[in-house]
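J.: Got query13.txt for you, compact mmCIF, C-alpha atoms:
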```txt
# COMPACT_ATOMS: atom_id res chain seq x y z
CA MET A 1 155.44 44.95 71.87
CA PRO A 2 153.71 47.79 70.00
CA ILE A 3 151.52 49.88 72.31
CA LEU A 4 149.70 52.01 69.70
CA PRO A 5 147.73 49.15 68.08
CA LEU A 6 146.60 47.94 71.51
CA LEU A 7 145.50 51.44 72.50
CA LEU A 8 143.57 51.93 69.25
CA GLY A 9 141.97 48.50 69.63
CA GLY A 10 140.94 49.29 73.19
CA LEU A 11 139.36 52.60 72.16
CA LEU A 12 137.54 50.90 69.28
CA GLY A 13 136.19 48.23 71.60
CA LEU A 14 135.05 50.85 74.12
CA GLY A 15 133.25 52.78 71.37
CA LEU A 16 131.46 49.67 70.12
CA THR A 17 130.47 48.78 73.68
CA LEU A 18 128.94 52.23 74.23
CA VAL A 19 127.04 52.06 70.93
CA VAL A 20 125.59 48.65 71.78
CA ALA A 21 124.71 49.80 75.32
CA GLY A 22 122.92 52.83 73.92
CA ALA A 23 120.94 50.76 71.42
CA VAL A 24 119.79 48.16 73.95
CA PRO A 25 116.74 49.37 75.99
CA VAL A 26 117.62 49.83 79.63
CA ARG A 27 115.38 48.48 82.34
CA PRO A 28 114.54 51.38 84.69
CA ASP A 29 115.49 51.26 88.31
CA LEU A 30 112.47 50.28 90.37
CA ARG A 31 113.43 52.57 93.25
CA ALA A 32 113.76 55.58 90.92
CA VAL A 33 110.36 54.87 89.33
CA ILE A 34 108.65 54.54 92.73
CA ALA A 35 110.31 57.74 94.02
CA SER A 36 109.24 59.63 90.88
CA ALA A 37 105.67 58.39 91.18
CA ARG A 38 105.54 59.41 94.84
CA SER A 39 106.87 62.89 94.12
CA THR A 40 104.35 63.36 91.29
CA THR A 41 101.49 62.18 93.51
CA ALA A 42 102.63 64.43 96.38
CA HIS A 43 102.88 67.43 94.01
CA HIS A 44 99.39 66.70 92.67
CA GLN A 45 97.98 66.39 96.18
CA GLU A 46 99.68 69.63 97.22
CA THR A 47 98.26 71.47 94.19
CA THR A 48 94.79 70.06 94.88
CA LEU A 49 95.01 71.09 98.54
CA LYS A 50 96.02 74.64 97.58
CA THR A 51 93.14 74.82 95.11
CA HIS A 52 90.59 73.66 97.69
CA LEU A 53 92.03 76.04 100.28
CA GLY A 54 91.83 78.96 97.83
CA VAL A 55 88.20 78.14 96.99
CA ALA A 56 87.33 77.94 100.69
CA LEU A 57 88.97 81.31 101.37
CA GLU A 58 87.14 82.91 98.45
CA ARG A 59 83.82 81.57 99.73
CA LEU A 60 84.63 82.88 103.19
CA ALA A 61 85.49 86.28 101.69
CA ALA A 62 82.07 86.35 99.99
CA ALA A 63 80.28 85.74 103.31
CA PRO A 64 77.95 88.61 104.31
CA TRP A 65 79.55 88.98 107.74
CA MET A 66 83.05 89.43 106.31
CA PRO A 67 83.77 93.17 105.73
CA ILE A 68 85.30 93.37 102.25
CA ASN A 69 86.06 96.80 100.79
CA ALA A 70 87.02 95.98 97.20
CA PRO A 71 88.50 99.41 96.26
CA ARG A 72 90.53 99.51 99.47
CA LEU A 73 91.88 96.03 98.86
CA ALA A 74 92.71 96.94 95.27
CA LEU A 75 94.65 99.99 96.46
CA ALA A 76 96.45 97.85 99.03
CA ARG A 77 97.23 95.35 96.21
CA MET A 78 95.62 92.52 98.12
CA VAL A 79 93.10 89.91 96.98
CA PRO A 80 90.11 88.98 99.19
CA ALA A 81 91.49 85.49 99.90
CA GLN A 82 94.76 86.99 101.18
CA TYR A 83 92.82 89.49 103.30
CA VAL A 84 90.75 86.69 104.86
CA THR A 85 93.95 84.74 105.53
CA PHE A 86 95.42 87.72 107.40
CA LYS A 87 92.28 88.11 109.49
CA LEU A 88 92.15 84.43 110.39
CA GLY A 89 95.85 84.48 111.23
CA GLY A 90 95.31 87.51 113.44
CA VAL A 91 92.47 85.79 115.27
CA VAL A 92 94.53 82.65 115.84
CA ALA A 93 97.59 84.59 116.99
CA GLY A 94 95.59 86.85 119.29
CA THR A 95 93.85 83.85 120.83
CA LEU A 96 96.94 81.70 121.35
CA VAL A 97 99.27 84.30 122.86
CA PRO A 98 97.44 84.54 126.23
CA GLY A 99 97.27 80.73 126.39
CA LEU A 100 101.02 80.46 125.77
CA LEU A 101 101.72 83.05 128.46
CA TRP A 102 99.45 81.17 130.90
CA THR A 103 101.33 77.93 130.13
CA VAL A 104 104.72 79.59 130.66
CA LEU A 105 103.61 81.07 133.99
CA ALA A 106 102.25 77.70 135.08
CA VAL A 107 105.53 76.00 134.22
CA LEU A 108 107.47 78.66 136.13
CA GLY A 109 105.38 78.01 139.22
CA THR A 110 103.16 81.10 139.20
CA PRO A 111 99.75 79.80 138.13
CA VAL A 112 97.10 82.27 137.02
CA PRO A 113 93.33 81.66 137.31
CA GLY A 114 91.89 80.29 134.08
CA VAL A 115 89.30 83.05 133.80
CA LEU A 116 91.94 85.70 133.10
CA PRO A 117 93.60 83.89 130.15
CA ALA A 118 90.17 83.10 128.70
CA GLY A 119 89.20 86.78 128.80
CA LEU A 120 92.54 87.82 127.37
CA ALA A 121 92.20 85.21 124.62
CA LEU A 122 88.78 86.59 123.67
CA ALA A 123 90.08 90.15 123.65
CA GLY A 124 93.19 89.12 121.72
CA GLY A 125 91.07 87.34 119.11
CA CYS A 126 88.95 90.46 118.60
CA ILE A 127 92.05 92.63 118.32
CA GLY A 128 93.65 90.19 115.90
CA PHE A 129 90.49 90.28 113.78
CA LEU A 130 90.60 94.10 113.56
CA VAL A 131 94.34 94.67 113.14
CA PRO A 132 94.39 93.67 109.42
CA ASP A 133 91.71 96.29 108.74
CA ALA A 134 93.94 99.01 110.17
CA ILE A 135 96.92 97.76 108.15
CA VAL A 136 94.91 97.62 104.92
CA ARG A 137 93.45 101.08 105.57
CA GLU A 138 96.90 102.60 106.09
CA ARG A 139 98.30 100.94 102.97
CA ALA A 140 95.27 102.07 100.96
CA GLU A 141 95.66 105.68 102.09
CA ARG A 142 99.32 105.71 101.06
CA ALA A 143 98.43 104.10 97.74
CA ARG A 144 95.63 106.61 97.14
CA ALA A 145 98.08 109.46 97.64
CA GLN A 146 100.45 107.82 95.15
CA VAL A 147 97.60 107.45 92.64
CA ARG A 148 96.73 111.14 92.92
CA GLU A 149 100.32 112.24 92.47
CA ALA A 150 100.73 109.92 89.49
CA THR A 151 97.48 111.19 87.98
CA ALA A 152 98.69 114.79 88.20
CA ALA A 153 101.87 113.84 86.35
CA TYR A 154 99.89 111.71 83.88
CA LEU A 155 97.65 114.64 82.98
CA THR A 156 100.69 116.78 82.19
CA LEU A 157 102.29 114.04 80.08
CA VAL A 158 99.09 113.43 78.10
CA ALA A 159 98.78 117.15 77.44
CA LEU A 160 102.37 117.31 76.18
CA ALA A 161 101.76 114.28 73.95
CA LEU A 162 98.66 115.93 72.49
CA LYS A 163 100.54 119.14 71.83
CA SER A 164 103.21 117.16 69.97
CA GLY A 165 100.60 115.90 67.50
CA ASN A 166 99.57 112.49 68.91
CA GLY A 167 96.00 111.27 68.82
CA LEU A 168 93.92 110.81 71.95
CA ASP A 169 94.44 107.06 72.29
CA SER A 170 98.08 107.30 71.33
CA ALA A 171 98.71 110.11 73.82
CA LEU A 172 97.04 108.18 76.65
CA VAL A 173 99.08 105.03 75.95
CA LYS A 174 102.38 106.80 75.34
CA ALA A 175 102.14 108.92 78.50
CA ALA A 176 101.64 105.79 80.63
CA THR A 177 105.07 104.41 79.69
CA ILE A 178 107.04 107.05 81.60
CA ALA A 179 107.60 105.01 84.82
CA ASP A 180 107.53 101.45 86.16
CA THR A 181 105.96 101.91 89.59
CA TRP A 182 102.85 99.92 90.43
CA VAL A 183 100.56 102.90 89.70
CA TRP A 184 101.88 103.37 86.18
CA GLN A 185 101.85 99.63 85.54
CA THR A 186 98.20 99.50 86.65
CA ILE A 187 97.32 102.38 84.31
CA ARG A 188 99.08 100.64 81.41
CA GLN A 189 97.25 97.40 82.13
CA ALA A 190 93.89 99.21 82.21
CA LEU A 191 94.63 100.88 78.87
CA ASP A 192 95.76 97.57 77.35
CA HIS A 193 92.60 95.82 78.53
CA ALA A 194 90.45 98.53 76.93
CA VAL A 195 92.37 98.28 73.65
CA LEU A 196 92.10 94.46 73.63
CA ALA A 197 88.35 94.78 74.28
CA ARG A 198 88.15 97.11 71.24
CA GLN A 199 87.12 100.05 73.37
CA PRO A 200 88.56 103.57 73.53
CA ALA A 201 91.60 103.76 75.78
CA TRP A 202 89.91 106.18 78.17
CA GLU A 203 87.27 103.57 79.00
CA GLY A 204 90.06 101.63 80.70
CA LEU A 205 90.69 104.65 82.89
CA ARG A 206 87.01 104.79 83.82
CA ALA A 207 87.05 101.12 84.82
CA LEU A 208 90.25 101.62 86.82
CA SER A 209 88.70 104.63 88.54
CA ARG A 210 85.76 102.50 89.67
CA GLU A 211 88.05 99.68 90.76
CA LEU A 212 90.35 101.90 92.86
CA ASP A 213 87.73 104.49 93.86
CA ALA A 214 89.99 107.17 92.35
CA PRO A 215 87.85 109.90 90.73
CA GLU A 216 90.98 111.66 89.45
CA LEU A 217 91.42 108.95 86.81
CA ALA A 218 87.80 109.39 85.71
CA ASP A 219 88.54 113.11 85.28
CA VAL A 220 91.13 112.22 82.64
CA ALA A 221 88.54 110.26 80.68
CA ASP A 222 85.95 113.02 81.09
CA ILE A 223 88.35 115.65 79.79
CA VAL A 224 89.27 113.50 76.77
CA THR A 225 85.64 112.85 75.85
CA THR A 226 84.46 116.45 76.25
CA GLY A 227 86.56 117.92 73.44
CA SER A 228 87.56 116.95 69.93
CA ASP A 229 90.32 119.53 69.50
CA GLY A 230 93.64 118.22 70.80
CA THR A 231 94.88 121.70 71.73
CA ALA A 232 91.80 122.50 73.80
CA VAL A 233 91.94 119.10 75.52
CA ALA A 234 95.64 119.63 76.29
CA ALA A 235 94.94 123.04 77.83
CA THR A 236 92.15 121.61 79.96
CA MET A 237 94.42 118.79 81.13
CA MET A 238 97.20 121.19 82.08
CA ALA A 239 94.74 123.27 84.09
CA ARG A 240 93.37 120.16 85.84
CA SER A 241 96.92 118.99 86.57
CA ARG A 242 97.84 122.33 88.19
CA ALA A 243 94.66 122.29 90.28
CA LEU A 244 95.32 118.73 91.41
CA ARG A 245 98.91 119.54 92.38
CA HIS A 246 97.78 122.57 94.38
CA GLN A 247 95.19 120.41 96.14
CA ILE A 248 97.81 117.78 96.99
CA LEU A 249 100.18 120.44 98.36
CA ALA A 250 97.41 121.98 100.45
CA GLU A 251 96.53 118.59 101.96
CA GLN A 252 100.19 117.89 102.66
CA ARG A 253 100.56 121.26 104.45
CA THR A 254 97.45 120.53 106.51
CA GLU A 255 98.78 117.10 107.46
CA ALA A 256 102.17 118.59 108.37
CA ASN A 257 100.49 121.22 110.58
CA GLU A 258 98.42 118.56 112.34
CA THR A 259 101.55 116.49 112.95
CA SER A 260 103.35 119.54 114.37
CA GLU A 261 100.42 120.25 116.69
CA ARG A 262 100.44 116.67 117.94
CA LEU A 263 104.14 117.01 118.74
CA VAL A 264 103.66 120.10 120.92
CA ILE A 265 102.60 118.19 124.06
CA PRO A 266 105.41 115.57 123.92
CA THR A 267 107.94 118.34 123.30
CA ALA A 268 106.63 120.36 126.24
CA LEU A 269 106.74 117.31 128.52
CA LEU A 270 110.29 116.57 127.41
CA GLY A 271 111.29 120.15 128.22
CA LEU A 272 109.70 119.92 131.67
CA VAL A 273 111.52 116.67 132.39
CA PHE A 274 114.81 118.22 131.27
CA MET A 275 114.27 121.27 133.51
CA ALA A 276 113.38 119.04 136.44
CA MET A 277 116.56 116.99 135.94
CA LEU A 278 118.58 120.20 135.66
CA PHE A 279 117.30 121.84 138.84
CA TYR A 280 116.87 118.71 140.95
CA PRO A 281 120.45 118.71 142.40
CA VAL A 282 120.22 122.38 143.36
CA VAL A 283 116.82 122.03 144.97
CA SER A 284 117.86 118.82 146.73
CA ARG A 285 120.99 120.48 148.19
CA LEU A 286 119.01 123.52 149.35
CA LEU A 287 116.48 121.30 151.09
CA THR A 288 119.18 119.23 152.81
CA THR A 289 121.09 122.31 154.05
CA VAL A 290 117.96 123.86 155.47
```
The structure in this file should be written as structure tokens.
T.:
Amino acid sequence: MPILPLLLGGLLGLGLTLVVAGAVPVRPDLRAVIASARSTTAHHQETTLKTHLGVALERLAAAPWMPINAPRLALARMVPAQYVTFKLGGVVAGTLVPGLLWTVLAVLGTPVPGVLPAGLALAGGCIGFLVPDAIVRERAERARAQVREATAAYLTLVALALKSGNGLDSALVKAATIADTWVWQTIRQALDHAVLARQPAWEGLRALSRELDAPELADVADIVTTGSDGTAVAATMMARSRALRHQILAEQRTEANETSERLVIPTALLGLVFMAMLFYPVVSRLLTTV
């Protein structure tokens, strides 16, 4: 019995079956349709909830009793809604921790009067409300130092671009492409926004200076607008860059000296403890022999 004709006939029949099955509309599975509808509805509800929550946080951030320092938040790369979220989370955490400790002690059989946990919860809530401010302030100070260092380098790069024959706008834009850190990306975005708004590029630096409370960036715009000669502007920028670097170095030396002075007392105490541990056996033996 020939096998090849049967095999070819079977393949032909399978192909025709697949073609017919593809042409006939398939009735969807009811379970799959219901599951898809539920997932779409859940996603829509989740998106709506996030939107309402974001609006509520923004309104809370705009409240007069909520301390919002816009330049500090911009330097810390944090939006007001995120800042309010951190403060609320700190309040909740600071309030719940004493209650959890009181519950654990009560379960272990060592009950504590309820007045003490209530006072600790109040104090913890106040501390939790203030801790985000300290974190944001520290991040902003580090970011401000980075902005000043980047501005000193940016002044030098703009001056070099001007000396090489570039125009003012071209030099400002080209010098901002030297690095990819957040400071340089922010400068590039400010310049791009000014160009898209059909304004001179240095107006973007002025706006960024107001946003970050960084007068060094406004100095760049002031130097560009005070002179029409590229060579003179480049010389002024180089001089301003050197002065800014010297100022940064002087502040870093002052901070290092203050840190060294704060370490004097712990170092002295450590030396006294070491001397006491060294002479204790001798003194103890002398006292016991006497």
J.: Taking all atoms listed in the file into account, name the residue in A:Ile135, A:Ile178, A:Met277, A:Leu244 that is nearest to Arg148 of chain A.
T.: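 Ranked by minimum distance to Arg148 of chain A, first place goes to A:Leu244.
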J.: A:Val183, A:Ile127, A:Ala150, A:Leu162: which is nearest Ala74 of chain A, counting all atoms listed in the file?
T.: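 Under the stated criterion, the closest residue is A:Val183.
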J.: Which residues, protein or nucleic acid, reach to within 8 Å of (97.7, 118.0, 78.7) in the file's coordinates when using all atoms listed in the file, and can you give that as a PDB file with C-alpha atoms, in the coordinates of the input?
T.:
```pdb
ATOM      1  CA  LEU A 155      97.650 114.640  82.980  1.00  0.00           C
ATOM      2  CA  THR A 156     100.690 116.780  82.190  1.00  0.00           C
ATOM      3  CA  LEU A 157     102.290 114.040  80.080  1.00  0.00           C
ATOM      4  CA  VAL A 158      99.090 113.430  78.100  1.00  0.00           C
ATOM      5  CA  ALA A 159      98.780 117.150  77.440  1.00  0.00           C
ATOM      6  CA  LEU A 160     102.370 117.310  76.180  1.00  0.00           C
ATOM      7  CA  ALA A 161     101.760 114.280  73.950  1.00  0.00           C
ATOM      8  CA  LEU A 162      98.660 115.930  72.490  1.00  0.00           C
ATOM      9  CA  LYS A 163     100.540 119.140  71.830  1.00  0.00           C
ATOM     10  CA  VAL A 233      91.940 119.100  75.520  1.00  0.00           C
ATOM     11  CA  ALA A 234      95.640 119.630  76.290  1.00  0.00           C
ATOM     12  CA  ALA A 235      94.940 123.040  77.830  1.00  0.00           C
ATOM     13  CA  THR A 236      92.150 121.610  79.960  1.00  0.00           C
ATOM     14  CA  MET A 237      94.420 118.790  81.130  1.00  0.00           C
ATOM     15  CA  MET A 238      97.200 121.190  82.080  1.00  0.00           C
ATOM     16  CA  SER A 241      96.920 118.990  86.570  1.00  0.00           C
TER      17      SER A 241
END
```
J.: Could you give me, as a short mmCIF file (atom, residue, chain, number, x, y, z; two decimals) with C-alpha atoms, in the frame of the given file, the residues within 9 Å of segment 90-92 of chain A, counting all atoms listed in the file and dropping anything in the same chain fewer than 3 positions from it?
T.:
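selection_29.cif, written as the output of this step:
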```
data_model
loop_
_atom_site.label_atom_id
_atom_site.label_comp_id
_atom_site.auth_asym_id
_atom_site.auth_seq_id
_atom_site.Cartn_x
_atom_site.Cartn_y
_atom_site.Cartn_z
CA THR A 85 93.95 84.74 105.53
CA PHE A 86 95.42 87.72 107.40
CA LYS A 87 92.28 88.11 109.49
CA THR A 95 93.85 83.85 120.83
CA LEU A 96 96.94 81.70 121.35
CA VAL A 97 99.27 84.30 122.86
CA GLY A 124 93.19 89.12 121.72
CA GLY A 125 91.07 87.34 119.11
CA CYS A 126 88.95 90.46 118.60
CA ILE A 127 92.05 92.63 118.32
CA GLY A 128 93.65 90.19 115.90
CA PHE A 129 90.49 90.28 113.78
CA LEU A 130 90.60 94.10 113.56
CA VAL A 131 94.34 94.67 113.14
CA PRO A 132 94.39 93.67 109.42
#
```
J.: Any idea what the distance is between atom CA of Leu88 of chain A and atom CA of Ala145 of chain A?
T.: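 Spanning atom CA of Leu88 of chain A to atom CA of Ala145 of chain A is a straight-line distance of 28.7 Å.
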J.: Taking (94.0, 97.8, 77.5) in the file's own coordinates, collect the residues within 10 Å, counting only C-alpha atoms, and hand them back as a list in words.
T.: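 Those residues lying close to the given coordinates are Val173, Ile187, Arg188, Gln189, Ala190, Leu191, Asp192, His193, Ala194, Val195, Leu196, Ala197, Arg198, Gln199, Pro200, Ala201, Trp202, Glu203, Gly204 and Leu205 of chain A.
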J.: Which distance in Å separates atom CA of Glu141 of chain A and atom CA of His246 of chain A, to one decimal?
T.: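 Straight-line distance from atom CA of Glu141 of chain A to atom CA of His246 of chain A works out to 18.7 Å.
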J.: What is the distance between atom CA of Pro266 of chain A and atom CA of Glu251 of chain A, in Å to one decimal?
T.: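 Pair atom CA of Pro266 of chain A / atom CA of Glu251 of chain A returns 23.9 Å.
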